[in-house]
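Dropping model-v8.pdb in here (PDB, N, CA and C atoms and all ligand atoms):
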ATOM      1  N   MET W 101      52.615  77.028  27.441  1.00  0.00           N
ATOM      2  CA  MET W 101      53.752  76.536  26.671  1.00  0.00           C
ATOM      3  C   MET W 101      54.513  75.493  27.483  1.00  0.00           C
ATOM      4  N   ILE W 102      54.848  74.388  26.845  1.00  0.00           N
ATOM      5  CA  ILE W 102      55.573  73.331  27.541  1.00  0.00           C
ATOM      6  C   ILE W 102      57.060  73.679  27.587  1.00  0.00           C
ATOM      7  N   LYS W 103      57.596  73.609  28.785  1.00  0.00           N
ATOM      8  CA  LYS W 103      59.020  73.917  28.937  1.00  0.00           C
ATOM      9  C   LYS W 103      59.840  72.690  28.557  1.00  0.00           C
ATOM     10  N   GLN W 104      60.800  72.889  27.713  1.00  0.00           N
ATOM     11  CA  GLN W 104      61.650  71.780  27.281  1.00  0.00           C
ATOM     12  C   GLN W 104      63.050  71.932  27.841  1.00  0.00           C
ATOM     13  N   ASN W 105      63.668  70.809  28.119  1.00  0.00           N
ATOM     14  CA  ASN W 105      65.071  70.855  28.501  1.00  0.00           C
ATOM     15  C   ASN W 105      65.898  71.255  27.298  1.00  0.00           C
ATOM     16  N   LYS W 106      66.952  71.960  27.573  1.00  0.00           N
ATOM     17  CA  LYS W 106      67.878  72.341  26.508  1.00  0.00           C
ATOM     18  C   LYS W 106      69.196  71.607  26.697  1.00  0.00           C
ATOM     19  N   TYR W 107      69.845  71.386  25.582  1.00  0.00           N
ATOM     20  CA  TYR W 107      71.124  70.677  25.592  1.00  0.00           C
ATOM     21  C   TYR W 107      72.149  71.491  24.815  1.00  0.00           C
ATOM     22  N   THR W 108      73.363  71.407  25.288  1.00  0.00           N
ATOM     23  CA  THR W 108      74.472  72.012  24.543  1.00  0.00           C
ATOM     24  C   THR W 108      75.042  70.963  23.616  1.00  0.00           C
ATOM     25  N   ILE W 109      75.193  71.319  22.351  1.00  0.00           N
ATOM     26  CA  ILE W 109      75.795  70.393  21.390  1.00  0.00           C
ATOM     27  C   ILE W 109      77.064  71.047  20.859  1.00  0.00           C
ATOM     28  N   SER W 110      78.131  70.281  20.813  1.00  0.00           N
ATOM     29  CA  SER W 110      79.382  70.850  20.325  1.00  0.00           C
ATOM     30  C   SER W 110      80.063  69.897  19.359  1.00  0.00           C
ATOM     31  N   GLN W 111      80.862  70.478  18.503  1.00  0.00           N
ATOM     32  CA  GLN W 111      81.541  69.739  17.433  1.00  0.00           C
ATOM     33  C   GLN W 111      82.983  70.226  17.374  1.00  0.00           C
ATOM     34  N   GLN W 112      83.910  69.290  17.387  1.00  0.00           N
ATOM     35  CA  GLN W 112      85.331  69.661  17.236  1.00  0.00           C
ATOM     36  C   GLN W 112      85.591  69.827  15.741  1.00  0.00           C
ATOM     37  N   ARG W 113      85.250  71.011  15.255  1.00  0.00           N
ATOM     38  CA  ARG W 113      85.105  71.230  13.817  1.00  0.00           C
ATOM     39  C   ARG W 113      86.395  70.994  13.038  1.00  0.00           C
ATOM     40  N   SER W 114      87.526  71.253  13.663  1.00  0.00           N
ATOM     41  CA  SER W 114      88.809  71.078  12.955  1.00  0.00           C
ATOM     42  C   SER W 114      89.013  69.634  12.512  1.00  0.00           C
ATOM     43  N   LYS W 115      88.356  68.695  13.199  1.00  0.00           N
ATOM     44  CA  LYS W 115      88.545  67.273  12.874  1.00  0.00           C
ATOM     45  C   LYS W 115      87.441  66.699  11.998  1.00  0.00           C
ATOM     46  N   CYS W 116      86.478  67.522  11.596  1.00  0.00           N
ATOM     47  CA  CYS W 116      85.367  67.045  10.752  1.00  0.00           C
ATOM     48  C   CYS W 116      85.901  66.626   9.382  1.00  0.00           C
ATOM     49  N   ILE W 117      85.463  65.462   8.915  1.00  0.00           N
ATOM     50  CA  ILE W 117      85.909  64.982   7.598  1.00  0.00           C
ATOM     51  C   ILE W 117      84.842  65.227   6.521  1.00  0.00           C
ATOM     52  N   GLY W 118      83.756  65.896   6.901  1.00  0.00           N
ATOM     53  CA  GLY W 118      82.757  66.306   5.908  1.00  0.00           C
ATOM     54  C   GLY W 118      81.943  65.180   5.298  1.00  0.00           C
ATOM     55  N   CYS W 119      81.728  64.111   6.074  1.00  0.00           N
ATOM     56  CA  CYS W 119      81.000  62.952   5.524  1.00  0.00           C
ATOM     57  C   CYS W 119      79.509  63.240   5.344  1.00  0.00           C
ATOM     58  N   GLY W 120      78.966  64.206   6.096  1.00  0.00           N
ATOM     59  CA  GLY W 120      77.571  64.602   5.943  1.00  0.00           C
ATOM     60  C   GLY W 120      76.559  63.772   6.715  1.00  0.00           C
ATOM     61  N   VAL W 121      77.030  62.808   7.502  1.00  0.00           N
ATOM     62  CA  VAL W 121      76.106  61.940   8.244  1.00  0.00           C
ATOM     63  C   VAL W 121      75.244  62.747   9.228  1.00  0.00           C
ATOM     64  N   CYS W 122      75.847  63.674   9.940  1.00  0.00           N
ATOM     65  CA  CYS W 122      75.084  64.470  10.920  1.00  0.00           C
ATOM     66  C   CYS W 122      73.984  65.271  10.212  1.00  0.00           C
ATOM     67  N   CYS W 123      74.288  65.808   9.029  1.00  0.00           N
ATOM     68  CA  CYS W 123      73.294  66.600   8.277  1.00  0.00           C
ATOM     69  C   CYS W 123      72.131  65.728   7.821  1.00  0.00           C
ATOM     70  N   GLN W 124      72.427  64.481   7.456  1.00  0.00           N
ATOM     71  CA  GLN W 124      71.364  63.572   7.019  1.00  0.00           C
ATOM     72  C   GLN W 124      70.482  63.155   8.196  1.00  0.00           C
ATOM     73  N   LEU W 125      71.096  62.905   9.351  1.00  0.00           N
ATOM     74  CA  LEU W 125      70.339  62.398  10.496  1.00  0.00           C
ATOM     75  C   LEU W 125      69.596  63.502  11.252  1.00  0.00           C
ATOM     76  N   ALA W 126      70.164  64.700  11.285  1.00  0.00           N
ATOM     77  CA  ALA W 126      69.552  65.794  12.057  1.00  0.00           C
ATOM     78  C   ALA W 126      69.602  67.087  11.238  1.00  0.00           C
ATOM     79  N   PRO W 127      68.830  67.151  10.156  1.00  0.00           N
ATOM     80  CA  PRO W 127      68.921  68.304   9.246  1.00  0.00           C
ATOM     81  C   PRO W 127      68.451  69.619   9.838  1.00  0.00           C
ATOM     82  N   ASP W 128      67.703  69.585  10.950  1.00  0.00           N
ATOM     83  CA  ASP W 128      67.291  70.851  11.573  1.00  0.00           C
ATOM     84  C   ASP W 128      68.408  71.443  12.423  1.00  0.00           C
ATOM     85  N   THR W 129      69.419  70.646  12.716  1.00  0.00           N
ATOM     86  CA  THR W 129      70.524  71.123  13.566  1.00  0.00           C
ATOM     87  C   THR W 129      71.791  71.382  12.760  1.00  0.00           C
ATOM     88  N   TRP W 130      71.990  70.593  11.687  1.00  0.00           N
ATOM     89  CA  TRP W 130      73.265  70.615  10.967  1.00  0.00           C
ATOM     90  C   TRP W 130      73.094  71.031   9.506  1.00  0.00           C
ATOM     91  N   HIS W 131      74.119  71.666   8.976  1.00  0.00           N
ATOM     92  CA  HIS W 131      74.178  71.885   7.530  1.00  0.00           C
ATOM     93  C   HIS W 131      75.640  71.848   7.100  1.00  0.00           C
ATOM     94  N   MET W 132      75.844  71.654   5.795  1.00  0.00           N
ATOM     95  CA  MET W 132      77.206  71.635   5.279  1.00  0.00           C
ATOM     96  C   MET W 132      77.635  73.053   4.934  1.00  0.00           C
ATOM     97  N   ASN W 133      78.852  73.391   5.273  1.00  0.00           N
ATOM     98  CA  ASN W 133      79.430  74.674   4.866  1.00  0.00           C
ATOM     99  C   ASN W 133      80.156  74.435   3.547  1.00  0.00           C
ATOM    100  N   GLU W 134      79.593  74.969   2.472  1.00  0.00           N
ATOM    101  CA  GLU W 134      80.148  74.715   1.141  1.00  0.00           C
ATOM    102  C   GLU W 134      81.553  75.297   1.006  1.00  0.00           C
ATOM    103  N   ALA W 135      81.874  76.295   1.805  1.00  0.00           N
ATOM    104  CA  ALA W 135      83.179  76.961   1.674  1.00  0.00           C
ATOM    105  C   ALA W 135      84.332  76.027   2.040  1.00  0.00           C
ATOM    106  N   ASP W 136      84.164  75.239   3.092  1.00  0.00           N
ATOM    107  CA  ASP W 136      85.282  74.362   3.493  1.00  0.00           C
ATOM    108  C   ASP W 136      84.912  72.882   3.487  1.00  0.00           C
ATOM    109  N   GLY W 137      83.663  72.548   3.112  1.00  0.00           N
ATOM    110  CA  GLY W 137      83.273  71.148   2.980  1.00  0.00           C
ATOM    111  C   GLY W 137      83.066  70.423   4.289  1.00  0.00           C
ATOM    112  N   LYS W 138      82.976  71.167   5.406  1.00  0.00           N
ATOM    113  CA  LYS W 138      82.717  70.547   6.717  1.00  0.00           C
ATOM    114  C   LYS W 138      81.304  70.900   7.156  1.00  0.00           C
ATOM    115  N   SER W 139      80.764  70.083   8.054  1.00  0.00           N
ATOM    116  CA  SER W 139      79.437  70.401   8.563  1.00  0.00           C
ATOM    117  C   SER W 139      79.534  71.461   9.650  1.00  0.00           C
ATOM    118  N   GLU W 140      78.363  72.052   9.951  1.00  0.00           N
ATOM    119  CA  GLU W 140      78.288  73.093  10.976  1.00  0.00           C
ATOM    120  C   GLU W 140      76.994  72.947  11.737  1.00  0.00           C
ATOM    121  N   ILE W 141      77.027  73.268  13.003  1.00  0.00           N
ATOM    122  CA  ILE W 141      75.792  73.373  13.781  1.00  0.00           C
ATOM    123  C   ILE W 141      75.159  74.722  13.424  1.00  0.00           C
ATOM    124  N   ILE W 142      73.883  74.694  13.060  1.00  0.00           N
ATOM    125  CA  ILE W 142      73.188  75.929  12.685  1.00  0.00           C
ATOM    126  C   ILE W 142      73.116  76.848  13.914  1.00  0.00           C
ATOM    127  N   ASP W 143      73.379  78.129  13.716  1.00  0.00           N
ATOM    128  CA  ASP W 143      73.367  79.131  14.794  1.00  0.00           C
ATOM    129  C   ASP W 143      74.364  78.813  15.907  1.00  0.00           C
ATOM    130  N   SER W 144      75.511  78.301  15.527  1.00  0.00           N
ATOM    131  CA  SER W 144      76.525  77.980  16.538  1.00  0.00           C
ATOM    132  C   SER W 144      77.476  79.158  16.731  1.00  0.00           C
ATOM    133  N   ILE W 145      78.216  79.097  17.826  1.00  0.00           N
ATOM    134  CA  ILE W 145      79.300  80.051  18.039  1.00  0.00           C
ATOM    135  C   ILE W 145      80.603  79.263  18.078  1.00  0.00           C
ATOM    136  N   ASN W 146      81.692  79.906  17.767  1.00  0.00           N
ATOM    137  CA  ASN W 146      82.980  79.220  17.757  1.00  0.00           C
ATOM    138  C   ASN W 146      83.746  79.505  19.035  1.00  0.00           C
ATOM    139  N   LYS W 147      84.247  78.413  19.619  1.00  0.00           N
ATOM    140  CA  LYS W 147      85.103  78.544  20.799  1.00  0.00           C
ATOM    141  C   LYS W 147      86.369  77.761  20.497  1.00  0.00           C
ATOM    142  N   LYS W 148      87.416  78.467  20.137  1.00  0.00           N
ATOM    143  CA  LYS W 148      88.656  77.849  19.658  1.00  0.00           C
ATOM    144  C   LYS W 148      88.305  76.890  18.516  1.00  0.00           C
ATOM    145  N   GLU W 149      88.690  75.605  18.599  1.00  0.00           N
ATOM    146  CA  GLU W 149      88.399  74.705  17.474  1.00  0.00           C
ATOM    147  C   GLU W 149      87.012  74.079  17.593  1.00  0.00           C
ATOM    148  N   TRP W 150      86.235  74.468  18.598  1.00  0.00           N
ATOM    149  CA  TRP W 150      84.906  73.901  18.813  1.00  0.00           C
ATOM    150  C   TRP W 150      83.821  74.830  18.296  1.00  0.00           C
ATOM    151  N   SER W 151      82.791  74.225  17.747  1.00  0.00           N
ATOM    152  CA  SER W 151      81.593  74.940  17.346  1.00  0.00           C
ATOM    153  C   SER W 151      80.513  74.507  18.337  1.00  0.00           C
ATOM    154  N   VAL W 152      79.822  75.469  18.950  1.00  0.00           N
ATOM    155  CA  VAL W 152      78.909  75.155  20.045  1.00  0.00           C
ATOM    156  C   VAL W 152      77.525  75.747  19.787  1.00  0.00           C
ATOM    157  N   GLY W 153      76.488  74.930  19.959  1.00  0.00           N
ATOM    158  CA  GLY W 153      75.121  75.387  19.762  1.00  0.00           C
ATOM    159  C   GLY W 153      74.193  74.793  20.806  1.00  0.00           C
ATOM    160  N   GLN W 154      72.896  74.959  20.567  1.00  0.00           N
ATOM    161  CA  GLN W 154      71.890  74.446  21.503  1.00  0.00           C
ATOM    162  C   GLN W 154      70.856  73.630  20.755  1.00  0.00           C
ATOM    163  N   ILE W 155      70.346  72.587  21.417  1.00  0.00           N
ATOM    164  CA  ILE W 155      69.218  71.847  20.853  1.00  0.00           C
ATOM    165  C   ILE W 155      68.160  71.667  21.943  1.00  0.00           C
ATOM    166  N   LEU W 156      66.939  71.417  21.506  1.00  0.00           N
ATOM    167  CA  LEU W 156      65.847  71.155  22.442  1.00  0.00           C
ATOM    168  C   LEU W 156      65.675  69.646  22.605  1.00  0.00           C
ATOM    169  N   GLU W 157      64.898  69.274  23.597  1.00  0.00           N
ATOM    170  CA  GLU W 157      64.669  67.857  23.874  1.00  0.00           C
ATOM    171  C   GLU W 157      64.087  67.128  22.652  1.00  0.00           C
ATOM    172  N   THR W 158      63.244  67.825  21.890  1.00  0.00           N
ATOM    173  CA  THR W 158      62.631  67.204  20.710  1.00  0.00           C
ATOM    174  C   THR W 158      63.666  66.884  19.627  1.00  0.00           C
ATOM    175  N   GLU W 159      64.816  67.527  19.691  1.00  0.00           N
ATOM    176  CA  GLU W 159      65.878  67.308  18.701  1.00  0.00           C
ATOM    177  C   GLU W 159      66.956  66.366  19.232  1.00  0.00           C
ATOM    178  N   LEU W 160      66.772  65.906  20.461  1.00  0.00           N
ATOM    179  CA  LEU W 160      67.834  65.125  21.110  1.00  0.00           C
ATOM    180  C   LEU W 160      68.067  63.777  20.442  1.00  0.00           C
ATOM    181  N   SER W 161      66.989  63.048  20.175  1.00  0.00           N
ATOM    182  CA  SER W 161      67.122  61.687  19.668  1.00  0.00           C
ATOM    183  C   SER W 161      67.912  61.637  18.357  1.00  0.00           C
ATOM    184  N   GLU W 162      67.565  62.508  17.403  1.00  0.00           N
ATOM    185  CA  GLU W 162      68.271  62.472  16.115  1.00  0.00           C
ATOM    186  C   GLU W 162      69.722  62.915  16.271  1.00  0.00           C
ATOM    187  N   ASN W 163      69.984  63.808  17.218  1.00  0.00           N
ATOM    188  CA  ASN W 163      71.364  64.255  17.427  1.00  0.00           C
ATOM    189  C   ASN W 163      72.190  63.228  18.190  1.00  0.00           C
ATOM    190  N   LEU W 164      71.545  62.438  19.033  1.00  0.00           N
ATOM    191  CA  LEU W 164      72.266  61.323  19.676  1.00  0.00           C
ATOM    192  C   LEU W 164      72.673  60.299  18.617  1.00  0.00           C
ATOM    193  N   LYS W 165      71.799  60.112  17.632  1.00  0.00           N
ATOM    194  CA  LYS W 165      72.155  59.209  16.521  1.00  0.00           C
ATOM    195  C   LYS W 165      73.356  59.773  15.759  1.00  0.00           C
ATOM    196  N   ALA W 166      73.317  61.063  15.470  1.00  0.00           N
ATOM    197  CA  ALA W 166      74.449  61.700  14.763  1.00  0.00           C
ATOM    198  C   ALA W 166      75.731  61.556  15.582  1.00  0.00           C
ATOM    199  N   GLN W 167      75.601  61.736  16.890  1.00  0.00           N
ATOM    200  CA  GLN W 167      76.768  61.597  17.772  1.00  0.00           C
ATOM    201  C   GLN W 167      77.352  60.193  17.655  1.00  0.00           C
ATOM    202  N   SER W 168      76.483  59.200  17.671  1.00  0.00           N
ATOM    203  CA  SER W 168      76.997  57.828  17.656  1.00  0.00           C
ATOM    204  C   SER W 168      77.474  57.407  16.262  1.00  0.00           C
ATOM    205  N   GLU W 169      76.900  57.997  15.207  1.00  0.00           N
ATOM    206  CA  GLU W 169      77.290  57.608  13.843  1.00  0.00           C
ATOM    207  C   GLU W 169      78.471  58.416  13.293  1.00  0.00           C
ATOM    208  N   CYS W 170      78.803  59.528  13.913  1.00  0.00           N
ATOM    209  CA  CYS W 170      79.927  60.337  13.418  1.00  0.00           C
ATOM    210  C   CYS W 170      81.200  59.480  13.412  1.00  0.00           C
ATOM    211  N   PRO W 171      81.816  59.294  12.246  1.00  0.00           N
ATOM    212  CA  PRO W 171      82.948  58.368  12.161  1.00  0.00           C
ATOM    213  C   PRO W 171      84.178  58.812  12.933  1.00  0.00           C
ATOM    214  N   VAL W 172      84.294  60.110  13.217  1.00  0.00           N
ATOM    215  CA  VAL W 172      85.477  60.570  13.953  1.00  0.00           C
ATOM    216  C   VAL W 172      85.140  61.009  15.387  1.00  0.00           C
ATOM    217  N   LYS W 173      83.890  60.770  15.810  1.00  0.00           N
ATOM    218  CA  LYS W 173      83.467  60.972  17.209  1.00  0.00           C
ATOM    219  C   LYS W 173      83.805  62.366  17.744  1.00  0.00           C
ATOM    220  N   ILE W 174      83.349  63.368  17.022  1.00  0.00           N
ATOM    221  CA  ILE W 174      83.671  64.743  17.442  1.00  0.00           C
ATOM    222  C   ILE W 174      82.435  65.527  17.863  1.00  0.00           C
ATOM    223  N   ILE W 175      81.292  64.820  18.009  1.00  0.00           N
ATOM    224  CA  ILE W 175      80.050  65.479  18.436  1.00  0.00           C
ATOM    225  C   ILE W 175      79.810  65.134  19.902  1.00  0.00           C
ATOM    226  N   HIS W 176      79.567  66.175  20.711  1.00  0.00           N
ATOM    227  CA  HIS W 176      79.310  65.973  22.143  1.00  0.00           C
ATOM    228  C   HIS W 176      78.003  66.688  22.523  1.00  0.00           C
ATOM    229  N   ILE W 177      77.226  66.037  23.383  1.00  0.00           N
ATOM    230  CA  ILE W 177      75.945  66.593  23.809  1.00  0.00           C
ATOM    231  C   ILE W 177      75.889  66.545  25.332  1.00  0.00           C
ATOM    232  N   GLN W 178      75.487  67.684  25.931  1.00  0.00           N
ATOM    233  CA  GLN W 178      75.391  67.754  27.392  1.00  0.00           C
ATOM    234  C   GLN W 178      74.088  68.460  27.753  1.00  0.00           C
ATOM    235  N   GLN W 179      73.424  67.981  28.790  1.00  0.00           N
ATOM    236  CA  GLN W 179      72.234  68.698  29.267  1.00  0.00           C
ATOM    237  C   GLN W 179      72.674  69.997  29.929  1.00  0.00           C
ATOM    238  N   LYS W 180      71.964  71.070  29.625  1.00  0.00           N
ATOM    239  CA  LYS W 180      72.339  72.359  30.205  1.00  0.00           C
ATOM    240  C   LYS W 180      71.876  72.435  31.632  1.00  0.00           C
ATOM    241  N   THR W 181      72.719  72.965  32.487  1.00  0.00           N
ATOM    242  CA  THR W 181      72.286  73.226  33.854  1.00  0.00           C
ATOM    243  C   THR W 181      71.858  74.691  33.906  1.00  0.00           C
ATOM    244  N   VAL W 182      70.595  74.912  34.251  1.00  0.00           N
ATOM    245  CA  VAL W 182      70.044  76.275  34.194  1.00  0.00           C
ATOM    246  C   VAL W 182      70.310  76.998  35.495  1.00  0.00           C
TER
HETATM  247  S1  LIG W 201      79.217  63.123  11.065  1.00  0.00           S
HETATM  248 FE1  LIG W 201      81.088  63.929  12.054  1.00  0.00          FE
HETATM  249  S2  LIG W 201      82.676  63.895  10.474  1.00  0.00           S
HETATM  250 FE2  LIG W 201      80.716  63.619   9.425  1.00  0.00          FE
HETATM  251  S3  LIG W 201      80.154  65.712   8.770  1.00  0.00           S
HETATM  252 FE3  LIG W 201      79.190  65.345  10.796  1.00  0.00          FE
HETATM  253  S4  LIG W 201      80.664  66.120  12.331  1.00  0.00           S
HETATM  254 FE4  LIG W 201      81.754  65.905  10.361  1.00  0.00          FE
END

Would you write the structure of this file as structure tokens?
Ligand code: SF4
Amino acid sequence: MIKQNKYTISQQRSKCIGCGVCCQLAPDTWHMNEADGKSEIIDSINKKEWSVGQILETELSENLKAQSECPVKIIHIQQKTV
């Protein structure tokens, strides 16, 4: 099995305007929460106003696009230190 680097992805969810760009660009990582109309990182945990999840290297490119296209710049990606 090939070992992949993992990355932490976080979203300042309180500031999400629900435009859906992240869901369109990286549908394996993001989905819309119909209850409040904001996007969510799939399998994320909440830390205060931040939603935090993990992505693999194969998912990095599309999530970097989502990070750069998010109109309110609330997506952050960091390589995990193991
Ligand atoms: S691109 Fe940004 S503002 Fe738009 S739904 Fe995703 S996190 Fe929210």

Legend entry - Point-to-point distance from atom N of Asn133 of chain W to atom N of Lys115 of chain W, Å rounded to tenths: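 One can read the atom N of Asn133 of chain W to atom N of Lys115 of chain W distance as 13.2 Å.
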
Inset, instruction - Determine the residue membership of the PyMOL selection byres (((chain W and resi 159 and name CA) around 12) and not hetatm and name CA) for the file above and supply it as a VMD selection string. - result: chain W and resid 104 to 109 125 to 130 154 to 158 160 to 166 177

When the PyMOL selection byres (((not hetatm)) within 6.5 of (chain W and resi 201)) is applied to the structure above, which residues does it catch, written out as an mmCIF file with N, CA and C atoms, in the coordinates of the input?
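Listing of out_19.cif after writing:
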data_model
loop_
_atom_site.group_PDB
_atom_site.id
_atom_site.type_symbol
_atom_site.label_atom_id
_atom_site.label_comp_id
_atom_site.auth_asym_id
_atom_site.auth_seq_id
_atom_site.Cartn_x
_atom_site.Cartn_y
_atom_site.Cartn_z
ATOM 1 N N GLN W 111 80.862 70.478 18.503
ATOM 2 C CA GLN W 111 81.541 69.739 17.433
ATOM 3 C C GLN W 111 82.983 70.226 17.374
ATOM 4 N N LYS W 115 88.356 68.695 13.199
ATOM 5 C CA LYS W 115 88.545 67.273 12.874
ATOM 6 C C LYS W 115 87.441 66.699 11.998
ATOM 7 N N CYS W 116 86.478 67.522 11.596
ATOM 8 C CA CYS W 116 85.367 67.045 10.752
ATOM 9 C C CYS W 116 85.901 66.626 9.382
ATOM 10 N N ILE W 117 85.463 65.462 8.915
ATOM 11 C CA ILE W 117 85.909 64.982 7.598
ATOM 12 C C ILE W 117 84.842 65.227 6.521
ATOM 13 N N GLY W 118 83.756 65.896 6.901
ATOM 14 C CA GLY W 118 82.757 66.306 5.908
ATOM 15 C C GLY W 118 81.943 65.180 5.298
ATOM 16 N N CYS W 119 81.728 64.111 6.074
ATOM 17 C CA CYS W 119 81.000 62.952 5.524
ATOM 18 C C CYS W 119 79.509 63.240 5.344
ATOM 19 N N GLY W 120 78.966 64.206 6.096
ATOM 20 C CA GLY W 120 77.571 64.602 5.943
ATOM 21 C C GLY W 120 76.559 63.772 6.715
ATOM 22 N N VAL W 121 77.030 62.808 7.502
ATOM 23 C CA VAL W 121 76.106 61.940 8.244
ATOM 24 C C VAL W 121 75.244 62.747 9.228
ATOM 25 N N CYS W 122 75.847 63.674 9.940
ATOM 26 C CA CYS W 122 75.084 64.470 10.920
ATOM 27 C C CYS W 122 73.984 65.271 10.212
ATOM 28 N N CYS W 123 74.288 65.808 9.029
ATOM 29 C CA CYS W 123 73.294 66.600 8.277
ATOM 30 C C CYS W 123 72.131 65.728 7.821
ATOM 31 N N LYS W 138 82.976 71.167 5.406
ATOM 32 C CA LYS W 138 82.717 70.547 6.717
ATOM 33 C C LYS W 138 81.304 70.900 7.156
ATOM 34 N N SER W 139 80.764 70.083 8.054
ATOM 35 C CA SER W 139 79.437 70.401 8.563
ATOM 36 C C SER W 139 79.534 71.461 9.650
ATOM 37 N N ALA W 166 73.317 61.063 15.470
ATOM 38 C CA ALA W 166 74.449 61.700 14.763
ATOM 39 C C ALA W 166 75.731 61.556 15.582
ATOM 40 N N GLU W 169 76.900 57.997 15.207
ATOM 41 C CA GLU W 169 77.290 57.608 13.843
ATOM 42 C C GLU W 169 78.471 58.416 13.293
ATOM 43 N N CYS W 170 78.803 59.528 13.913
ATOM 44 C CA CYS W 170 79.927 60.337 13.418
ATOM 45 C C CYS W 170 81.200 59.480 13.412
ATOM 46 N N PRO W 171 81.816 59.294 12.246
ATOM 47 C CA PRO W 171 82.948 58.368 12.161
ATOM 48 C C PRO W 171 84.178 58.812 12.933
ATOM 49 N N VAL W 172 84.294 60.110 13.217
ATOM 50 C CA VAL W 172 85.477 60.570 13.953
ATOM 51 C C VAL W 172 85.140 61.009 15.387
ATOM 52 N N LYS W 173 83.890 60.770 15.810
ATOM 53 C CA LYS W 173 83.467 60.972 17.209
ATOM 54 C C LYS W 173 83.805 62.366 17.744
ATOM 55 N N ILE W 174 83.349 63.368 17.022
ATOM 56 C CA ILE W 174 83.671 64.743 17.442
ATOM 57 C C ILE W 174 82.435 65.527 17.863
ATOM 58 N N ILE W 175 81.292 64.820 18.009
ATOM 59 C CA ILE W 175 80.050 65.479 18.436
ATOM 60 C C ILE W 175 79.810 65.134 19.902
#

Legend entry - Gap from atom N of Ser168 of chain W to atom C of Glu149 of chain W - Å, one decimal: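 Straight-line distance from atom N of Ser168 of chain W to atom C of Glu149 of chain W works out to 18.2 Å.
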
Legend entry - Atom pair atom C of Ser114 of chain W / atom C of Met132 of chain W: separation (Å): 14.1 Å

Inset, instruction - Give the answer as one residue: which of W:Asp136, W:Ser110, W:Val152, W:Asn146 has the shortest atom-to-atom distance to His176 of chain W, using all atoms listed in the file? - result: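 For His176 of chain W, the nearest of the candidates is W:Ser110.
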
Inset, instruction - Give the helix (DSSP H, G or I) residues of segment 102-141 of chain W, as assigned by DSSP on the backbone, as a PyMOL selection string. - result: chain W and resi 113-115+121-125

Restricting it to N, CA and C atoms, dump the selection as a short mmCIF file (atom, residue, chain, number, x, y, z; two decimals), in the frame of the given file.
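To be explicit, this is the file written out as result-v8.cif:
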data_model
loop_
_atom_site.label_atom_id
_atom_site.label_comp_id
_atom_site.auth_asym_id
_atom_site.auth_seq_id
_atom_site.Cartn_x
_atom_site.Cartn_y
_atom_site.Cartn_z
N ARG W 113 85.25 71.01 15.26
CA ARG W 113 85.10 71.23 13.82
C ARG W 113 86.40 70.99 13.04
N SER W 114 87.53 71.25 13.66
CA SER W 114 88.81 71.08 12.96
C SER W 114 89.01 69.63 12.51
N LYS W 115 88.36 68.69 13.20
CA LYS W 115 88.54 67.27 12.87
C LYS W 115 87.44 66.70 12.00
N VAL W 121 77.03 62.81 7.50
CA VAL W 121 76.11 61.94 8.24
C VAL W 121 75.24 62.75 9.23
N CYS W 122 75.85 63.67 9.94
CA CYS W 122 75.08 64.47 10.92
C CYS W 122 73.98 65.27 10.21
N CYS W 123 74.29 65.81 9.03
CA CYS W 123 73.29 66.60 8.28
C CYS W 123 72.13 65.73 7.82
N GLN W 124 72.43 64.48 7.46
CA GLN W 124 71.36 63.57 7.02
C GLN W 124 70.48 63.16 8.20
N LEU W 125 71.10 62.90 9.35
CA LEU W 125 70.34 62.40 10.50
C LEU W 125 69.60 63.50 11.25
#

Legend entry - Backbone-only DSSP, strand (DSSP E) members of chain W, as a PyMOL selection string: chain W and resi 106-112+130-133+138-141+145-147+150-156+175-179
